[in-house]
Structure formats: structure tokens, C-alpha cells
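Pasted below: input31.cif, mmCIF, C-alpha atoms.
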data_protein
loop_
_atom_site.label_atom_id
_atom_site.label_comp_id
_atom_site.auth_asym_id
_atom_site.auth_seq_id
_atom_site.Cartn_x
_atom_site.Cartn_y
_atom_site.Cartn_z
CA ILE Z 360 78.29 83.05 -71.87
CA GLN Z 361 76.27 82.67 -68.67
CA THR Z 362 76.87 78.93 -68.22
CA ILE Z 363 80.69 78.95 -68.37
CA PRO Z 364 82.05 78.34 -64.83
CA GLN Z 365 83.84 81.46 -63.54
CA VAL Z 366 84.11 83.73 -60.53
CA GLY Z 367 82.11 86.93 -60.30
CA GLU Z 368 79.74 86.38 -63.26
CA ASP Z 369 82.05 88.51 -65.39
CA VAL Z 370 81.73 88.83 -69.16
CA PHE Z 371 85.50 89.22 -69.64
CA ARG Z 372 86.29 86.19 -67.49
CA SER Z 373 83.97 84.02 -69.60
CA LEU Z 374 86.39 84.22 -72.55
CA LYS Z 375 89.59 83.20 -70.77
CA ARG Z 376 89.44 79.63 -72.06
CA LEU Z 377 89.21 80.55 -75.75
CA PRO Z 378 92.20 79.93 -78.06
CA GLY Z 379 94.54 82.90 -78.38
CA VAL Z 380 93.38 84.49 -75.09
CA ALA Z 381 95.50 84.76 -71.94
CA ALA Z 382 94.65 86.32 -68.56
CA GLY Z 383 95.86 86.36 -64.98
CA ASP Z 384 94.25 84.65 -62.00
CA ILE Z 385 92.96 87.85 -60.38
CA SER Z 386 92.75 90.34 -63.23
CA THR Z 387 89.97 90.17 -65.80
CA ARG Z 388 92.06 91.95 -68.44
CA LEU Z 389 92.41 89.95 -71.66
CA TYR Z 390 95.67 89.55 -73.55
CA LEU Z 391 95.06 88.48 -77.15
CA ARG Z 392 97.90 86.82 -79.06
CA GLY Z 393 100.47 88.10 -76.55
CA GLY Z 394 99.45 91.77 -76.85
CA GLN Z 395 98.69 94.14 -73.97
CA ASP Z 396 95.08 94.76 -72.97
CA ARG Z 397 95.30 98.36 -74.23
CA GLU Z 398 96.10 96.96 -77.69
CA THR Z 399 92.67 95.28 -77.82
CA LEU Z 400 89.68 97.31 -78.99
CA ILE Z 401 86.75 96.90 -76.58
CA LEU Z 402 83.31 97.85 -77.92
CA LEU Z 403 79.79 97.89 -76.49
CA ASP Z 404 77.05 98.40 -79.11
CA GLY Z 405 79.55 100.28 -81.28
CA MET Z 406 80.99 102.46 -78.49
CA GLU Z 407 84.67 102.15 -77.59
CA LEU Z 408 85.25 101.60 -73.86
CA TYR Z 409 88.47 102.65 -72.13
CA GLU Z 410 89.69 100.82 -69.03
CA PRO Z 411 86.26 99.14 -68.53
CA TYR Z 412 87.20 97.45 -65.25
CA HIS Z 413 86.04 97.56 -61.67
CA MET Z 414 88.48 97.32 -58.76
CA LYS Z 415 91.49 98.68 -60.63
CA ASP Z 416 93.50 98.57 -57.40
CA PHE Z 417 93.12 94.77 -57.64
CA GLU Z 418 94.41 94.62 -61.25
CA GLY Z 419 90.91 95.17 -62.66
CA ALA Z 420 89.19 92.18 -61.09
CA LEU Z 421 85.78 92.69 -62.79
CA GLY Z 422 84.35 94.31 -65.91
CA ILE Z 423 81.93 97.23 -65.73
CA VAL Z 424 79.30 95.56 -67.96
CA ASP Z 425 76.84 93.17 -66.31
CA ILE Z 426 76.95 89.76 -67.98
CA ASN Z 427 73.14 89.50 -67.76
CA ALA Z 428 72.75 92.48 -70.11
CA ILE Z 429 74.95 90.95 -72.83
CA GLY Z 430 73.25 89.25 -75.76
CA GLY Z 431 76.33 88.25 -77.75
CA ILE Z 432 80.08 88.69 -78.23
CA ASP Z 433 82.28 88.78 -81.32
CA LEU Z 434 85.94 88.16 -80.50
CA HIS Z 435 88.43 88.84 -83.31
CA ALA Z 436 91.83 87.47 -82.27
CA GLY Z 437 93.59 88.74 -85.38
CA GLY Z 438 92.54 89.14 -88.99
CA PHE Z 439 89.77 91.65 -88.21
CA PRO Z 440 88.52 94.05 -90.93
CA VAL Z 441 89.81 97.60 -91.28
CA ASP Z 442 86.61 99.27 -90.03
CA PHE Z 443 87.63 98.33 -86.48
CA GLY Z 444 90.66 100.65 -86.67
CA ASP Z 445 94.35 100.07 -86.08
CA ARG Z 446 94.56 98.01 -82.88
CA SER Z 447 97.27 95.36 -83.08
CA ALA Z 448 95.99 92.60 -80.77
CA GLY Z 449 92.30 92.08 -81.48
CA VAL Z 450 88.71 93.23 -81.08
CA PHE Z 451 86.32 92.41 -78.24
CA ASP Z 452 82.87 93.44 -79.50
CA MET Z 453 79.93 93.15 -77.08
CA LYS Z 454 76.27 93.58 -77.96
CA THR Z 455 73.47 94.09 -75.46
CA ARG Z 456 70.35 91.96 -75.32
CA ASN Z 457 67.43 92.54 -77.67
CA PRO Z 458 64.46 93.40 -75.40
CA PRO Z 459 61.14 91.64 -76.01
CA THR Z 460 58.81 93.25 -78.54
CA GLU Z 461 55.83 92.84 -76.21
CA GLY Z 462 55.34 93.37 -72.51
CA THR Z 463 57.90 93.96 -69.78
CA ARG Z 464 60.34 91.52 -68.22
CA THR Z 465 62.18 92.16 -64.96
CA THR Z 466 64.77 89.89 -63.34
CA ILE Z 467 66.54 90.11 -59.98
CA GLY Z 468 69.79 88.29 -59.25
CA LEU Z 469 71.82 87.63 -56.12
CA SER Z 470 75.26 85.98 -56.06
CA ILE Z 471 78.30 85.72 -53.83
CA THR Z 472 79.77 88.97 -55.16
CA ASN Z 473 76.92 91.24 -56.27
CA ALA Z 474 73.20 91.96 -56.57
CA THR Z 475 71.63 92.80 -59.93
CA VAL Z 476 68.32 93.96 -61.33
CA MET Z 477 67.43 94.18 -65.02
CA SER Z 478 64.23 95.35 -66.66
CA GLN Z 479 63.43 95.37 -70.36
CA GLY Z 480 60.38 95.92 -72.52
CA ALA Z 481 58.75 97.61 -75.51
CA PHE Z 482 56.63 100.66 -76.28
CA ALA Z 483 54.91 102.30 -79.26
CA GLN Z 484 53.42 98.96 -80.41
CA GLY Z 485 56.82 97.30 -80.57
CA ARG Z 486 58.60 100.00 -82.60
CA GLY Z 487 60.54 101.04 -79.50
CA GLN Z 488 62.43 98.92 -76.99
CA TRP Z 489 64.29 99.68 -73.77
CA LEU Z 490 66.65 97.98 -71.33
CA LEU Z 491 67.89 99.02 -67.90
CA SER Z 492 70.45 97.08 -65.87
CA ALA Z 493 71.93 97.95 -62.46
CA ARG Z 494 74.47 96.07 -60.35
CA ARG Z 495 75.97 96.64 -56.91
CA GLY Z 496 78.90 94.68 -55.55
CA TYR Z 497 79.02 93.98 -51.83
CA MET Z 498 82.49 92.65 -51.21
CA ASP Z 499 82.80 95.26 -48.44
CA ILE Z 500 79.82 93.67 -46.66
CA ALA Z 501 81.20 90.16 -47.23
CA PHE Z 502 84.53 91.12 -45.68
CA LYS Z 503 82.82 92.48 -42.58
CA LEU Z 504 80.54 89.46 -42.16
CA THR Z 505 83.36 86.93 -42.51
CA ASP Z 506 85.94 88.95 -40.56
CA ALA Z 507 88.38 88.15 -43.38
CA ASN Z 508 89.70 91.71 -43.38
CA ASP Z 509 87.31 94.42 -42.26
CA ASP Z 510 90.06 97.05 -42.74
CA ILE Z 511 89.68 96.78 -46.54
CA SER Z 512 86.38 98.02 -47.96
CA PRO Z 513 85.98 97.73 -51.78
CA ARG Z 514 82.65 98.90 -53.26
CA TYR Z 515 81.53 99.13 -56.86
CA TYR Z 516 78.37 99.63 -58.93
CA ASP Z 517 77.37 100.09 -62.57
CA VAL Z 518 74.25 101.14 -64.48
CA LEU Z 519 73.51 100.49 -68.16
CA GLY Z 520 70.50 101.80 -70.07
CA LYS Z 521 69.44 101.89 -73.70
CA VAL Z 522 66.42 102.96 -75.75
CA GLU Z 523 65.90 101.98 -79.39
CA TYR Z 524 63.27 103.22 -81.84
CA GLN Z 525 62.52 102.14 -85.40
CA LEU Z 526 61.89 105.09 -87.75
CA GLY Z 527 60.19 103.40 -90.65
CA ALA Z 528 61.65 100.43 -92.48
CA ARG Z 529 65.12 101.83 -93.19
CA ASN Z 530 66.11 103.96 -90.19
CA ALA Z 531 66.64 103.22 -86.51
CA VAL Z 532 67.91 105.41 -83.67
CA SER Z 533 69.15 104.46 -80.22
CA ALA Z 534 70.49 106.11 -77.07
CA HIS Z 535 72.82 104.47 -74.55
CA VAL Z 536 74.12 105.40 -71.11
CA LEU Z 537 76.77 103.51 -69.12
CA HIS Z 538 78.12 104.60 -65.74
CA ALA Z 539 80.34 102.74 -63.30
CA GLY Z 540 81.87 103.77 -59.99
CA ASP Z 541 84.36 102.29 -57.52
CA LYS Z 542 85.51 103.15 -54.02
CA LEU Z 543 88.27 101.47 -52.05
CA GLU Z 544 89.05 102.36 -48.43
CA LEU Z 545 92.00 101.08 -46.42
CA SER Z 546 92.06 101.71 -42.68
CA GLN Z 547 94.80 101.61 -40.05
CA ASP Z 548 95.55 97.88 -39.86
CA ALA Z 549 95.49 97.42 -43.64
CA LEU Z 550 98.12 100.13 -44.08
CA ARG Z 551 100.39 98.31 -41.59
CA ASN Z 552 103.16 100.90 -41.60
CA SER Z 553 101.00 103.68 -40.13
CA ALA Z 554 100.06 104.04 -36.51
CA MET Z 555 96.91 105.88 -37.55
CA GLY Z 556 95.52 106.55 -40.97
CA ARG Z 557 93.02 105.94 -43.73
CA LEU Z 558 93.44 105.85 -47.51
CA GLY Z 559 90.70 106.11 -50.12
CA ASN Z 560 90.70 105.56 -53.90
CA GLY Z 561 87.80 106.38 -56.20
CA TRP Z 562 87.23 105.62 -59.88
CA GLY Z 563 84.53 106.78 -62.28
CA ASN Z 564 83.73 105.57 -65.80
CA SER Z 565 80.87 107.23 -67.73
CA TYR Z 566 79.70 107.06 -71.35
CA GLY Z 567 76.76 108.35 -73.35
CA TRP Z 568 76.16 107.84 -77.07
CA LEU Z 569 73.52 108.27 -79.76
CA THR Z 570 73.41 106.01 -82.83
CA TRP Z 571 71.57 106.37 -86.14
CA LYS Z 572 71.46 103.34 -88.45
CA ALA Z 573 70.35 103.84 -92.05
CA PHE Z 574 69.76 100.89 -94.40
CA LEU Z 575 70.21 102.52 -97.80
CA SER Z 576 69.92 99.31 -99.82
CA PRO Z 577 70.21 95.55 -99.26
CA ARG Z 578 74.00 95.90 -99.67
CA VAL Z 579 74.67 99.39 -98.31
CA ARG Z 580 74.11 100.67 -94.80
CA ALA Z 581 75.46 103.57 -92.74
CA ARG Z 582 75.94 104.11 -89.04
CA THR Z 583 76.47 107.48 -87.39
CA LEU Z 584 77.53 107.62 -83.75
CA VAL Z 585 77.88 110.67 -81.51
CA SER Z 586 79.43 109.99 -78.13
CA GLY Z 587 80.95 111.45 -75.01
CA GLY Z 588 82.83 109.87 -72.13
CA ARG Z 589 84.64 110.66 -68.91
CA ILE Z 590 87.11 108.66 -66.81
CA SER Z 591 88.03 109.99 -63.38
CA ARG Z 592 90.21 108.99 -60.45
CA SER Z 593 90.46 110.48 -56.97
CA ARG Z 594 92.75 109.76 -54.02
CA SER Z 595 92.41 110.88 -50.42
CA GLY Z 596 94.26 110.12 -47.23
CA SER Z 597 94.45 111.12 -43.61
#
Please, can you express the file's structure as C-alpha cells?
Amino acid sequence: IQTIPQVGEDVFRSLKRLPGVAAGDISTRLYLRGGQDRETLILLDGMELYEPYHMKDFEGALGIVDINAIGGIDLHAGGFPVDFGDRSAGVFDMKTRNPPTEGTRTTIGLSITNATVMSQGAFAQGRGQWLLSARRGYMDIAFKLTDANDDISPRYYDVLGKVEYQLGARNAVSAHVLHAGDKLELSQDALRNSAMGRLGNGWGNSYGWLTWKAFLSPRVRARTLVSGGRISRSRSGS
């Protein structure tokens, strides 16, 4: 996933070259077997994500999940089992990394589009594990430094955290938090038709969920998930 050449280090963009997948040049939205992106089920560790894109004013140019925090992807472009529900196009199932069972590992990344930091480790003699990832895009700073268009200021960030704990040999619990935010500001010259003015768009995408996995027998297991989410949008102008 990390070694596929792409712009923005985006987990959605890394799948554009797979059979049955189509996508635009700017947008990171995936169209499986000719279906719309809303017809594809998008999951992160069992939680359904709605509109999981940064920079929606630019057709959703980036996903809200940092590619460094992803440990694996299952892409079902048709023929997926019934437990995924009734989506018609496909299933895009992401799983976060498995933290190390000993010690703590922290990484810092810097690219053309964003800065990232991720820390992961274990506690309670390896029975518990945790992961925390944070990312901040600085396209607004890049525009100002290059003088490409300092009247457009897009900013975005996202934070992902999880804690897992093993309750004996047959039960495991976990807690996840995912929050992403965007802000786009257009000033006088970018609006063109206004002598004076400023326009601002804001987006918020937040999720929290608790999961209990029970392994009842070698062939039977159960998963219970309690979740909550909120998607917000705000517009302002002067």
C-alpha cells in the first residue's frame, strides 16, 4: 500500500489501478464496477464511514484515514458475503495496524502535502495495545510560499486512536476514535466577481465506537459494536 506511486500518500488513491476500480484525476472517490461511490460500503475496523474525504470542495481530494495507520485492506468488487449488507457496488474494508506487543514505537513523517506523527505500543504485559495517529495538511502554507494562489487557503487534519485489550483467551474489547476537520477560505481575488469579500467552508467528520469480540468456539464467533458519529458542514461569507 505504501510503495504504490501516488499523490498525497492517500489510502484510497493506492487502489485506483486495481481491476474493476475507476476514479477521477483529482477526486479520491472510488467507483467500483461502474457504481457511485455512495454505493460502496467503506469500513474501518468494522465501523462504517460516511463521506470519509478531506477537501470536499475539491471533489474529495484525500481520504480522512492516514495511510501509515493502515495495516491491510480487503476490497470486494462484487460477490461479497451478505454480512456486509446490501450495497450494490462493493466493499472497501480497511484494518488498522497491529501495534507491537512490547515497547513503544513512534514515527514522524513529512511530505509535500502533510506532516504526520504516529505512536503505538503495548501495556499490561502485552494484553493491551494502543495506537495514535495524527496528520495535518499544509497546502495553505504551500500556496503562500509558492505564490501559486495565496487567495485560496485549504486546511485539513485528522486524528485516529484505538485501544485494544484481551480479556482472557476468548474475549477482546477495543475502543476507537476518529475525527477529521477541514477549512477552506477564499478571499477577494479568488472570488473574482466580488469587489470585496471572503467565503469560508468548514467540514467535520467524527466517529467513536466500542467493539467486543467473543470467540465461542473454533467455528463460532460473535462481534458486538456500539457506535456514534457526526458529520457537519458550515458556510460563512462576508
Resolved residues for the PyMOL selection byres ((chain Z and resi 513-518) around 7) as a PyMOL selection string: chain Z and resi 413+423+492-499+511-512+519-520+537-544
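As for atom CA of Gln484 of chain Z and atom CA of Ile467 of chain Z, they are spaced 25.8 Å apart.
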Separation of atom CA of Lys572 of chain Z from atom CA of Tyr524 of chain Z in Å: 10.5 Å
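With distances restricted to all atoms listed in the file, Z:Arg529 is the closest residue to Leu575 of chain Z from Z:Arg529, Z:Gln488, Z:Ser595, Z:Gly556.
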Just how far from atom CA of Asn427 of chain Z is atom CA of Asn457 of chain Z, in Å to one decimal? 11.8 Å
